[in-house]
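J.: Before anything else, here's the structure in question.
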Amino acid sequence: MDQNLNVSLKDKSIPEPVIGNMEPRLPVAALSLSATPELDQSRVFSHRRRALLFLLAVAATFLSWWMSGYLFAYTDDAYVTSDVLSITPEVTGPVAAVLVKDNEWVKRGTLLFTIDPVPFRLAVEQARAEEARTEAQLPVDRAQLQVLQAQKEAAGAAERLAAANLRRDTPLAQSGTISAQALDTTRTTEEQSAAQQHAAEAALQKENETLSLDKAAVSSAHAARLLAEWRLGRTKVVAPVDGYVTHLAIQTGDMVSTSQAAVAIVDGNAWRVVANYKEYYLRHLHPGGLAWIWLDSHPWHLYRARIQGLAHGISRQQGSETLVPYVSPTVNWIRLQRRIPVRFTLLESPGSDQLFMGVDARVLVIY
(Lines give C-alpha, C1' and ligand atoms only; values in the text may rest on other atoms or scores of the structure.)
Protein backbone atom coordinates (compact mmCIF):
# COMPACT_ATOMS: atom_id res chain seq x y z
CA MET A 1 0.00 0.00 0.00
CA ASP A 2 2.91 2.37 0.81
CA GLN A 3 4.48 1.60 -2.47
CA ASN A 4 1.35 2.46 -4.36
CA LEU A 5 1.16 5.78 -2.50
CA ASN A 6 4.74 6.69 -3.32
CA VAL A 7 4.21 5.87 -6.94
CA SER A 8 1.17 8.09 -7.12
CA LEU A 9 3.00 11.01 -5.50
CA LYS A 10 5.89 10.68 -7.88
CA ASP A 11 3.50 10.64 -10.79
CA LYS A 12 1.95 13.92 -9.67
CA SER A 13 5.18 15.82 -9.01
CA ILE A 14 7.22 14.72 -12.05
CA PRO A 15 6.08 16.36 -15.34
CA GLU A 16 5.20 14.16 -18.22
CA PRO A 17 7.79 13.85 -20.99
CA VAL A 18 7.45 16.01 -24.09
CA ILE A 19 5.90 14.21 -27.01
CA GLY A 20 6.73 15.39 -30.49
CA ASN A 21 6.79 19.24 -30.94
CA MET A 22 4.80 20.04 -27.82
CA GLU A 23 6.50 22.61 -25.53
CA PRO A 24 6.73 22.01 -21.83
CA ARG A 25 4.08 23.71 -19.72
CA LEU A 26 5.35 26.45 -17.35
CA PRO A 27 3.93 26.91 -13.91
CA VAL A 28 1.22 29.59 -13.49
CA ALA A 29 3.34 31.64 -11.06
CA ALA A 30 6.15 31.89 -13.61
CA LEU A 31 3.72 33.18 -16.27
CA SER A 32 2.32 35.96 -14.03
CA LEU A 33 5.80 37.19 -13.04
CA SER A 34 6.96 37.44 -16.62
CA ALA A 35 3.78 39.49 -17.72
CA THR A 36 3.81 42.11 -14.91
CA PRO A 37 6.38 44.59 -16.41
CA GLU A 38 4.53 44.70 -19.73
CA LEU A 39 1.20 45.43 -17.99
CA ASP A 40 2.75 48.22 -15.90
CA GLN A 41 4.25 49.84 -18.98
CA SER A 42 0.90 49.78 -20.80
CA ARG A 43 -0.86 51.30 -17.83
CA VAL A 44 1.71 54.13 -17.54
CA PHE A 45 1.36 54.83 -21.26
CA SER A 46 -2.43 54.89 -20.92
CA HIS A 47 -2.30 57.42 -18.03
CA ARG A 48 0.11 59.67 -19.94
CA ARG A 49 -2.08 59.57 -23.01
CA ARG A 50 -5.16 60.51 -21.00
CA ALA A 51 -3.33 63.38 -19.31
CA LEU A 52 -2.07 64.61 -22.67
CA LEU A 53 -5.53 64.40 -24.21
CA PHE A 54 -6.97 66.29 -21.24
CA LEU A 55 -4.38 69.05 -21.56
CA LEU A 56 -5.00 69.25 -25.31
CA ALA A 57 -8.74 69.50 -24.70
CA VAL A 58 -8.24 72.28 -22.16
CA ALA A 59 -5.92 74.13 -24.51
CA ALA A 60 -8.34 73.71 -27.43
CA THR A 61 -11.22 74.97 -25.29
CA PHE A 62 -9.26 78.01 -24.13
CA LEU A 63 -8.07 78.73 -27.67
CA SER A 64 -11.63 78.42 -28.99
CA TRP A 65 -12.91 80.76 -26.30
CA TRP A 66 -10.14 83.27 -26.96
CA MET A 67 -10.64 83.14 -30.73
CA SER A 68 -14.42 83.42 -30.40
CA GLY A 69 -14.01 86.96 -29.05
CA TYR A 70 -12.58 87.95 -32.44
CA LEU A 71 -15.41 86.32 -34.40
CA PHE A 72 -18.65 87.08 -32.56
CA ALA A 73 -20.05 88.55 -29.35
CA TYR A 74 -22.81 86.69 -27.56
CA THR A 75 -24.65 87.47 -24.35
CA ASP A 76 -27.77 86.23 -22.64
CA ASP A 77 -27.81 89.22 -20.28
CA ALA A 78 -30.31 91.11 -22.44
CA TYR A 79 -33.92 92.15 -22.26
CA VAL A 80 -36.67 93.88 -24.23
CA THR A 81 -37.64 97.35 -23.10
CA SER A 82 -39.51 100.45 -24.20
CA ASP A 83 -40.38 103.90 -22.86
CA VAL A 84 -42.82 104.02 -19.96
CA LEU A 85 -44.75 107.27 -19.76
CA SER A 86 -46.09 108.20 -16.35
CA ILE A 87 -49.32 110.10 -16.90
CA THR A 88 -49.62 112.60 -14.05
CA PRO A 89 -52.70 114.85 -14.05
CA GLU A 90 -52.00 118.57 -14.23
CA VAL A 91 -54.87 119.42 -11.89
CA THR A 92 -55.99 117.91 -8.60
CA GLY A 93 -59.45 116.53 -8.08
CA PRO A 94 -61.65 113.43 -7.86
CA VAL A 95 -61.86 111.06 -10.83
CA ALA A 96 -65.22 111.44 -12.55
CA ALA A 97 -64.87 108.54 -15.04
CA VAL A 98 -62.27 106.00 -16.21
CA LEU A 99 -62.66 105.36 -19.93
CA VAL A 100 -59.97 102.70 -20.58
CA LYS A 101 -59.18 99.22 -19.31
CA ASP A 102 -56.01 97.67 -18.04
CA ASN A 103 -53.65 96.40 -20.80
CA GLU A 104 -55.74 98.14 -23.47
CA TRP A 105 -54.08 99.49 -26.61
CA VAL A 106 -54.72 103.23 -26.93
CA LYS A 107 -53.85 105.72 -29.63
CA ARG A 108 -52.43 109.15 -29.09
CA GLY A 109 -55.21 111.52 -27.98
CA THR A 110 -57.43 108.76 -26.56
CA LEU A 111 -59.33 109.95 -23.48
CA LEU A 112 -58.05 108.00 -20.47
CA PHE A 113 -60.03 109.45 -17.57
CA THR A 114 -61.74 112.67 -16.52
CA ILE A 115 -61.57 114.74 -13.35
CA ASP A 116 -64.66 116.39 -11.88
CA PRO A 117 -64.89 119.65 -13.90
CA VAL A 118 -67.43 121.53 -11.74
CA PRO A 119 -65.01 123.51 -9.54
CA PHE A 120 -62.85 124.33 -12.54
CA ARG A 121 -65.88 125.49 -14.53
CA LEU A 122 -66.86 127.79 -11.67
CA ALA A 123 -63.32 129.14 -11.54
CA VAL A 124 -63.56 129.96 -15.24
CA GLU A 125 -66.79 131.88 -14.72
CA GLN A 126 -65.27 133.80 -11.83
CA ALA A 127 -62.20 134.67 -13.89
CA ARG A 128 -64.34 135.86 -16.78
CA ALA A 129 -66.38 138.09 -14.44
CA GLU A 130 -63.22 139.60 -12.98
CA GLU A 131 -61.86 140.24 -16.45
CA ALA A 132 -65.10 141.95 -17.46
CA ARG A 133 -65.02 144.11 -14.34
CA THR A 134 -61.49 145.29 -14.96
CA GLU A 135 -62.24 145.98 -18.61
CA ALA A 136 -65.30 148.02 -17.62
CA GLN A 137 -63.12 150.27 -15.48
CA LEU A 138 -61.03 151.38 -18.44
CA PRO A 139 -63.71 153.61 -20.07
CA VAL A 140 -64.31 155.30 -16.71
CA ASP A 141 -60.61 155.99 -16.37
CA ARG A 142 -60.41 157.35 -19.89
CA ALA A 143 -63.42 159.66 -19.30
CA GLN A 144 -61.93 160.94 -16.05
CA LEU A 145 -58.69 161.49 -17.88
CA GLN A 146 -60.46 163.68 -20.44
CA VAL A 147 -62.09 165.72 -17.63
CA LEU A 148 -58.76 166.29 -15.92
CA GLN A 149 -57.15 167.14 -19.24
CA ALA A 150 -59.82 169.83 -19.78
CA GLN A 151 -59.32 171.15 -16.25
CA LYS A 152 -55.59 171.33 -16.84
CA GLU A 153 -56.12 173.28 -20.04
CA ALA A 154 -58.51 175.69 -18.28
CA ALA A 155 -56.08 176.16 -15.43
CA GLY A 156 -53.33 176.80 -17.92
CA ALA A 157 -55.41 179.47 -19.68
CA ALA A 158 -56.27 181.15 -16.36
CA GLU A 159 -52.61 181.08 -15.35
CA ARG A 160 -51.57 182.69 -18.62
CA LEU A 161 -54.25 185.40 -18.22
CA ALA A 162 -53.17 186.13 -14.66
CA ALA A 163 -49.55 186.34 -15.73
CA ALA A 164 -50.45 188.81 -18.51
CA ASN A 165 -52.43 190.97 -16.05
CA LEU A 166 -49.50 190.98 -13.65
CA ARG A 167 -47.11 192.05 -16.39
CA ARG A 168 -49.49 194.87 -17.40
CA ASP A 169 -50.26 196.15 -13.85
CA THR A 170 -46.68 196.17 -12.64
CA PRO A 171 -45.56 199.27 -14.67
CA LEU A 172 -48.91 200.97 -13.96
CA ALA A 173 -48.38 200.58 -10.26
CA GLN A 174 -44.86 201.97 -10.57
CA SER A 175 -46.24 205.04 -12.38
CA GLY A 176 -48.99 205.46 -9.79
CA THR A 177 -51.81 204.80 -12.23
CA ILE A 178 -53.11 201.95 -10.08
CA SER A 179 -52.74 201.42 -6.41
CA ALA A 180 -50.37 198.97 -4.75
CA GLN A 181 -53.39 197.04 -3.45
CA ALA A 182 -54.61 196.43 -7.00
CA LEU A 183 -51.17 195.16 -7.92
CA ASP A 184 -51.15 192.79 -4.96
CA THR A 185 -54.54 191.45 -6.00
CA THR A 186 -53.29 190.82 -9.53
CA ARG A 187 -50.18 189.09 -8.19
CA THR A 188 -52.26 186.87 -5.87
CA THR A 189 -54.56 185.92 -8.73
CA GLU A 190 -51.55 184.94 -10.84
CA GLU A 191 -50.11 182.80 -8.07
CA GLN A 192 -53.45 181.05 -7.50
CA SER A 193 -53.78 180.35 -11.20
CA ALA A 194 -50.28 178.82 -11.30
CA ALA A 195 -51.10 176.65 -8.29
CA GLN A 196 -54.32 175.47 -9.90
CA GLN A 197 -52.42 174.59 -13.04
CA HIS A 198 -49.90 172.51 -11.07
CA ALA A 199 -52.74 170.73 -9.27
CA ALA A 200 -54.47 169.96 -12.56
CA GLU A 201 -51.22 168.53 -13.97
CA ALA A 202 -50.75 166.37 -10.85
CA ALA A 203 -54.33 165.08 -11.07
CA LEU A 204 -53.87 164.34 -14.74
CA GLN A 205 -50.63 162.46 -14.01
CA LYS A 206 -52.33 160.47 -11.27
CA GLU A 207 -55.18 159.53 -13.55
CA ASN A 208 -52.73 158.37 -16.19
CA GLU A 209 -51.08 156.10 -13.61
CA THR A 210 -54.49 154.82 -12.53
CA LEU A 211 -55.31 154.02 -16.13
CA SER A 212 -52.01 152.11 -16.45
CA LEU A 213 -52.78 150.14 -13.29
CA ASP A 214 -56.24 149.30 -14.53
CA LYS A 215 -54.80 148.14 -17.84
CA ALA A 216 -52.40 145.88 -15.92
CA ALA A 217 -55.35 144.57 -13.92
CA VAL A 218 -57.12 143.76 -17.17
CA SER A 219 -54.06 141.86 -18.42
CA SER A 220 -53.84 139.98 -15.12
CA ALA A 221 -57.53 139.11 -15.23
CA HIS A 222 -57.16 137.96 -18.81
CA ALA A 223 -54.25 135.68 -17.85
CA ALA A 224 -56.22 134.35 -14.88
CA ARG A 225 -59.13 133.57 -17.18
CA LEU A 226 -56.86 131.74 -19.62
CA LEU A 227 -55.31 129.78 -16.74
CA ALA A 228 -58.74 128.82 -15.43
CA GLU A 229 -59.80 127.66 -18.89
CA TRP A 230 -56.54 125.70 -19.24
CA ARG A 231 -57.20 123.96 -15.91
CA LEU A 232 -60.71 123.15 -17.02
CA GLY A 233 -59.31 121.59 -20.20
CA ARG A 234 -56.87 119.51 -18.16
CA THR A 235 -59.71 117.73 -16.42
CA LYS A 236 -59.70 115.47 -19.49
CA VAL A 237 -56.53 113.36 -19.43
CA VAL A 238 -55.53 111.89 -22.82
CA ALA A 239 -52.83 109.49 -24.00
CA PRO A 240 -49.70 111.32 -25.25
CA VAL A 241 -48.46 108.35 -27.37
CA ASP A 242 -49.64 105.10 -28.89
CA GLY A 243 -49.17 102.27 -26.45
CA TYR A 244 -50.55 99.93 -23.84
CA VAL A 245 -52.17 100.98 -20.59
CA THR A 246 -50.24 99.14 -17.91
CA HIS A 247 -51.18 98.36 -14.32
CA LEU A 248 -54.27 100.56 -14.27
CA ALA A 249 -55.17 101.15 -10.62
CA ILE A 250 -57.40 104.26 -10.52
CA GLN A 251 -61.16 104.04 -10.17
CA THR A 252 -64.04 106.46 -10.26
CA GLY A 253 -63.99 108.55 -7.11
CA ASP A 254 -60.25 108.27 -6.47
CA MET A 255 -58.49 111.53 -5.71
CA VAL A 256 -55.66 112.24 -8.14
CA SER A 257 -53.07 114.95 -7.69
CA THR A 258 -50.31 116.66 -9.60
CA SER A 259 -47.67 115.04 -7.38
CA GLN A 260 -48.36 111.40 -8.23
CA ALA A 261 -48.68 109.49 -11.50
CA ALA A 262 -52.11 108.01 -12.13
CA VAL A 263 -51.63 105.91 -15.30
CA ALA A 264 -48.62 104.31 -17.01
CA ILE A 265 -48.42 103.70 -20.76
CA VAL A 266 -45.81 101.53 -22.45
CA ASP A 267 -44.85 103.26 -25.69
CA GLY A 268 -45.75 100.93 -28.55
CA ASN A 269 -43.35 102.59 -31.00
CA ALA A 270 -40.15 102.63 -28.92
CA TRP A 271 -39.32 98.93 -28.59
CA ARG A 272 -35.64 98.08 -28.28
CA VAL A 273 -33.32 95.50 -26.79
CA VAL A 274 -30.68 96.37 -24.21
CA ALA A 275 -27.81 93.90 -23.82
CA ASN A 276 -25.12 94.15 -21.16
CA TYR A 277 -21.83 93.21 -22.82
CA LYS A 278 -18.54 92.56 -21.10
CA GLU A 279 -15.76 95.08 -21.50
CA TYR A 280 -13.87 92.52 -23.60
CA TYR A 281 -16.31 92.84 -26.52
CA LEU A 282 -16.82 96.60 -26.62
CA ARG A 283 -13.98 97.30 -29.04
CA HIS A 284 -15.74 95.18 -31.68
CA LEU A 285 -19.21 96.73 -31.30
CA HIS A 286 -19.98 99.81 -33.38
CA PRO A 287 -23.24 101.68 -34.11
CA GLY A 288 -24.95 100.33 -37.18
CA GLY A 289 -23.59 96.80 -36.79
CA LEU A 290 -25.93 93.93 -37.58
CA ALA A 291 -27.09 91.63 -34.78
CA TRP A 292 -29.34 88.62 -34.32
CA ILE A 293 -31.71 88.49 -31.39
CA TRP A 294 -33.47 85.54 -29.78
CA LEU A 295 -36.54 86.46 -27.73
CA ASP A 296 -37.46 84.09 -24.95
CA SER A 297 -41.10 85.03 -25.46
CA HIS A 298 -40.82 83.81 -29.10
CA PRO A 299 -38.13 81.09 -29.11
CA TRP A 300 -36.67 79.27 -32.10
CA HIS A 301 -36.62 82.38 -34.22
CA LEU A 302 -33.86 84.94 -34.81
CA TYR A 303 -34.75 88.57 -35.46
CA ARG A 304 -32.46 91.03 -37.18
CA ALA A 305 -31.42 94.17 -35.31
CA ARG A 306 -28.86 96.94 -35.50
CA ILE A 307 -26.66 98.45 -32.84
CA GLN A 308 -28.14 101.82 -32.01
CA GLY A 309 -25.40 102.88 -29.62
CA LEU A 310 -23.21 102.01 -26.66
CA ALA A 311 -23.63 103.56 -23.24
CA HIS A 312 -20.59 105.69 -22.47
CA GLY A 313 -21.11 105.71 -18.74
CA ILE A 314 -22.27 103.42 -15.94
CA SER A 315 -22.50 103.92 -12.21
CA ARG A 316 -20.03 101.96 -10.10
CA GLN A 317 -22.10 102.43 -6.96
CA GLN A 318 -25.58 101.03 -6.57
CA GLY A 319 -28.19 103.61 -5.68
CA SER A 320 -26.67 106.45 -7.74
CA GLU A 321 -28.13 105.36 -11.09
CA THR A 322 -30.43 108.36 -11.53
CA LEU A 323 -28.74 109.58 -14.69
CA VAL A 324 -26.51 106.63 -15.65
CA PRO A 325 -27.34 102.90 -15.26
CA TYR A 326 -25.83 100.58 -12.69
CA VAL A 327 -24.87 97.09 -13.90
CA SER A 328 -23.91 94.64 -11.17
CA PRO A 329 -20.42 93.14 -11.70
CA THR A 330 -21.13 90.09 -9.51
CA VAL A 331 -23.25 87.00 -9.95
CA ASN A 332 -23.55 84.55 -7.04
CA TRP A 333 -20.63 86.21 -5.24
CA ILE A 334 -18.32 85.82 -8.25
CA ARG A 335 -16.51 88.92 -9.48
CA LEU A 336 -17.14 89.44 -13.20
CA GLN A 337 -16.02 91.94 -15.78
CA ARG A 338 -17.84 95.22 -15.90
CA ARG A 339 -20.75 95.17 -18.30
CA ILE A 340 -21.79 98.09 -20.48
CA PRO A 341 -25.34 98.46 -21.84
CA VAL A 342 -25.60 98.29 -25.63
CA ARG A 343 -28.88 99.32 -27.26
CA PHE A 344 -30.26 97.50 -30.31
CA THR A 345 -33.02 98.64 -32.64
CA LEU A 346 -35.21 95.82 -33.90
CA LEU A 347 -35.40 95.57 -37.69
CA GLU A 348 -37.68 92.55 -37.42
CA SER A 349 -40.04 91.56 -34.64
CA PRO A 350 -43.04 89.33 -34.04
CA GLY A 351 -45.15 92.50 -33.99
CA SER A 352 -45.55 95.34 -31.53
CA ASP A 353 -48.50 93.55 -29.96
CA GLN A 354 -46.26 90.53 -29.32
CA LEU A 355 -43.44 92.42 -27.59
CA PHE A 356 -43.37 92.55 -23.82
CA MET A 357 -41.29 94.90 -21.76
CA GLY A 358 -38.80 93.17 -19.49
CA VAL A 359 -38.71 89.73 -21.14
CA ASP A 360 -35.31 88.08 -21.56
CA ALA A 361 -33.42 88.02 -24.83
CA ARG A 362 -30.16 86.72 -26.23
CA VAL A 363 -28.01 88.72 -28.62
CA LEU A 364 -25.43 87.54 -31.14
CA VAL A 365 -23.23 89.97 -33.04
CA ILE A 366 -21.02 88.55 -35.78
CA TYR A 367 -18.14 90.86 -36.69
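Note on naming: chains are A, B, ... as they come in the C-alpha coordinates, residues start from 1 per chain, ligands start from 1 in the order shown.
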Applying 7 Å and only C-alpha atoms, which residues near Lys107 in chain A remain after dropping the ones on its own chain fewer than 3 positions away? List them as a list in words.
T.: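 Using only C-alpha atoms, the neighbours found are Thr110, Ala239, Val241, Asp242 and Gly243 of chain A.
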J.: Go through range 69-162 of chain A and flag each residue having an atom no more than 12 Å from range 294-306 of chain A; for those, report the closest pair of atoms plus their distance in Å to one decimal, using only C-alpha atoms, ordered by chain and rising number, as CSV.
T.:
```
residue,atom,partner,partner_atom,distance
A:Tyr74,CA,A:Trp294,CA,11.0
A:Thr75,CA,A:Trp294,CA,10.5
A:Asp76,CA,A:Trp294,CA,9.2
A:Asp77,CA,A:Trp294,CA,11.7
A:Ala78,CA,A:Leu295,CA,9.4
A:Tyr79,CA,A:Leu295,CA,8.3
A:Val80,CA,A:Leu295,CA,8.2
A:Thr81,CA,A:Leu295,CA,11.9
```
J.: With only C-alpha atoms as the atoms that count, which of A:Gly351, A:Pro89, A:Pro139, A:Gly109 lies nearest to Trp271 in chain A?
T.: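 Among A:Gly351, A:Pro89, A:Pro139, A:Gly109, it is A:Gly351 that comes nearest to Trp271 in chain A.
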J.: As an exercise, work out the distance from CA of Val91 in chain A to CA of Thr134 in chain A in Å and give it to one decimal place.
T.: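 We find that CA of Val91 in chain A and CA of Thr134 in chain A lie 26.9 Å from each other.
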J.: Near Gly288 in chain A, within 9 Å and counting only C-alpha atoms, which residues show up once chain neighbours fewer than 4 positions away are dropped, as a PyMOL selection string?
T.: chain A and resi 306-309
J.: Residues as selected, all heavy atoms, written as an mmCIF file, in the first residue's frame, can you do that?
T.:
```
data_model
loop_
_atom_site.group_PDB
_atom_site.id
_atom_site.type_symbol
_atom_site.label_atom_id
_atom_site.label_comp_id
_atom_site.auth_asym_id
_atom_site.auth_seq_id
_atom_site.Cartn_x
_atom_site.Cartn_y
_atom_site.Cartn_z
ATOM 1 N N ARG A 306 -30.075 96.160 -35.303
ATOM 2 C CA ARG A 306 -28.858 96.938 -35.504
ATOM 3 C C ARG A 306 -28.467 97.607 -34.195
ATOM 4 O O ARG A 306 -29.321 97.947 -33.373
ATOM 5 C CB ARG A 306 -29.043 97.992 -36.591
ATOM 6 C CG ARG A 306 -29.134 97.400 -37.984
ATOM 7 C CD ARG A 306 -28.776 98.408 -39.060
ATOM 8 N NE ARG A 306 -28.841 97.803 -40.392
ATOM 9 C CZ ARG A 306 -27.857 97.133 -40.953
ATOM 10 N NH1 ARG A 306 -26.719 96.981 -40.275
ATOM 11 N NH2 ARG A 306 -27.991 96.608 -42.156
ATOM 12 N N ILE A 307 -27.169 97.784 -34.041
ATOM 13 C CA ILE A 307 -26.661 98.451 -32.844
ATOM 14 C C ILE A 307 -26.994 99.939 -32.946
ATOM 15 O O ILE A 307 -26.574 100.619 -33.870
ATOM 16 C CB ILE A 307 -25.142 98.254 -32.702
ATOM 17 C CG1 ILE A 307 -24.802 96.763 -32.615
ATOM 18 C CG2 ILE A 307 -24.615 98.992 -31.484
ATOM 19 C CD1 ILE A 307 -23.314 96.482 -32.568
ATOM 20 N N GLN A 308 -27.784 100.401 -32.003
ATOM 21 C CA GLN A 308 -28.145 101.815 -32.006
ATOM 22 C C GLN A 308 -27.059 102.662 -31.342
ATOM 23 O O GLN A 308 -26.776 103.777 -31.766
ATOM 24 C CB GLN A 308 -29.483 102.008 -31.295
ATOM 25 C CG GLN A 308 -30.047 103.423 -31.357
ATOM 26 C CD GLN A 308 -29.588 104.278 -30.204
ATOM 27 O OE1 GLN A 308 -29.326 103.774 -29.120
ATOM 28 N NE2 GLN A 308 -29.477 105.582 -30.429
ATOM 29 N N GLY A 309 -26.446 102.131 -30.298
ATOM 30 C CA GLY A 309 -25.397 102.877 -29.620
ATOM 31 C C GLY A 309 -24.943 102.153 -28.370
ATOM 32 O O GLY A 309 -25.611 101.238 -27.865
#
```
J.: What's around Ala162 in chain A at 9 Å? Count only C-alpha atoms, leave out sequence neighbours fewer than 5 positions away in its own chain, and write the answer as a list of chain:residue names.
T.: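 That gives A:Ala157, A:Arg167, A:Thr186, A:Arg187, A:Thr188, A:Thr189, A:Glu190, A:Glu191, A:Gln192, A:Ser193, A:Ala194.
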J.: Quick check for you: according to DSSP on this backbone, which residues of range 73-279 of chain A are classed as strand (DSSP E)? Reply as a PyMOL selection string.
T.: chain A and resi 73-81+84-87+93-98+105-106+111-115+236-238+243-246+255-256+263-267+272-278
J.: Between A:Arg50, A:Arg338, A:Arg272, A:Arg133, which residue has the minimum interatomic distance to Ser219 in chain A, considering only C-alpha atoms?
T.: A:Arg133
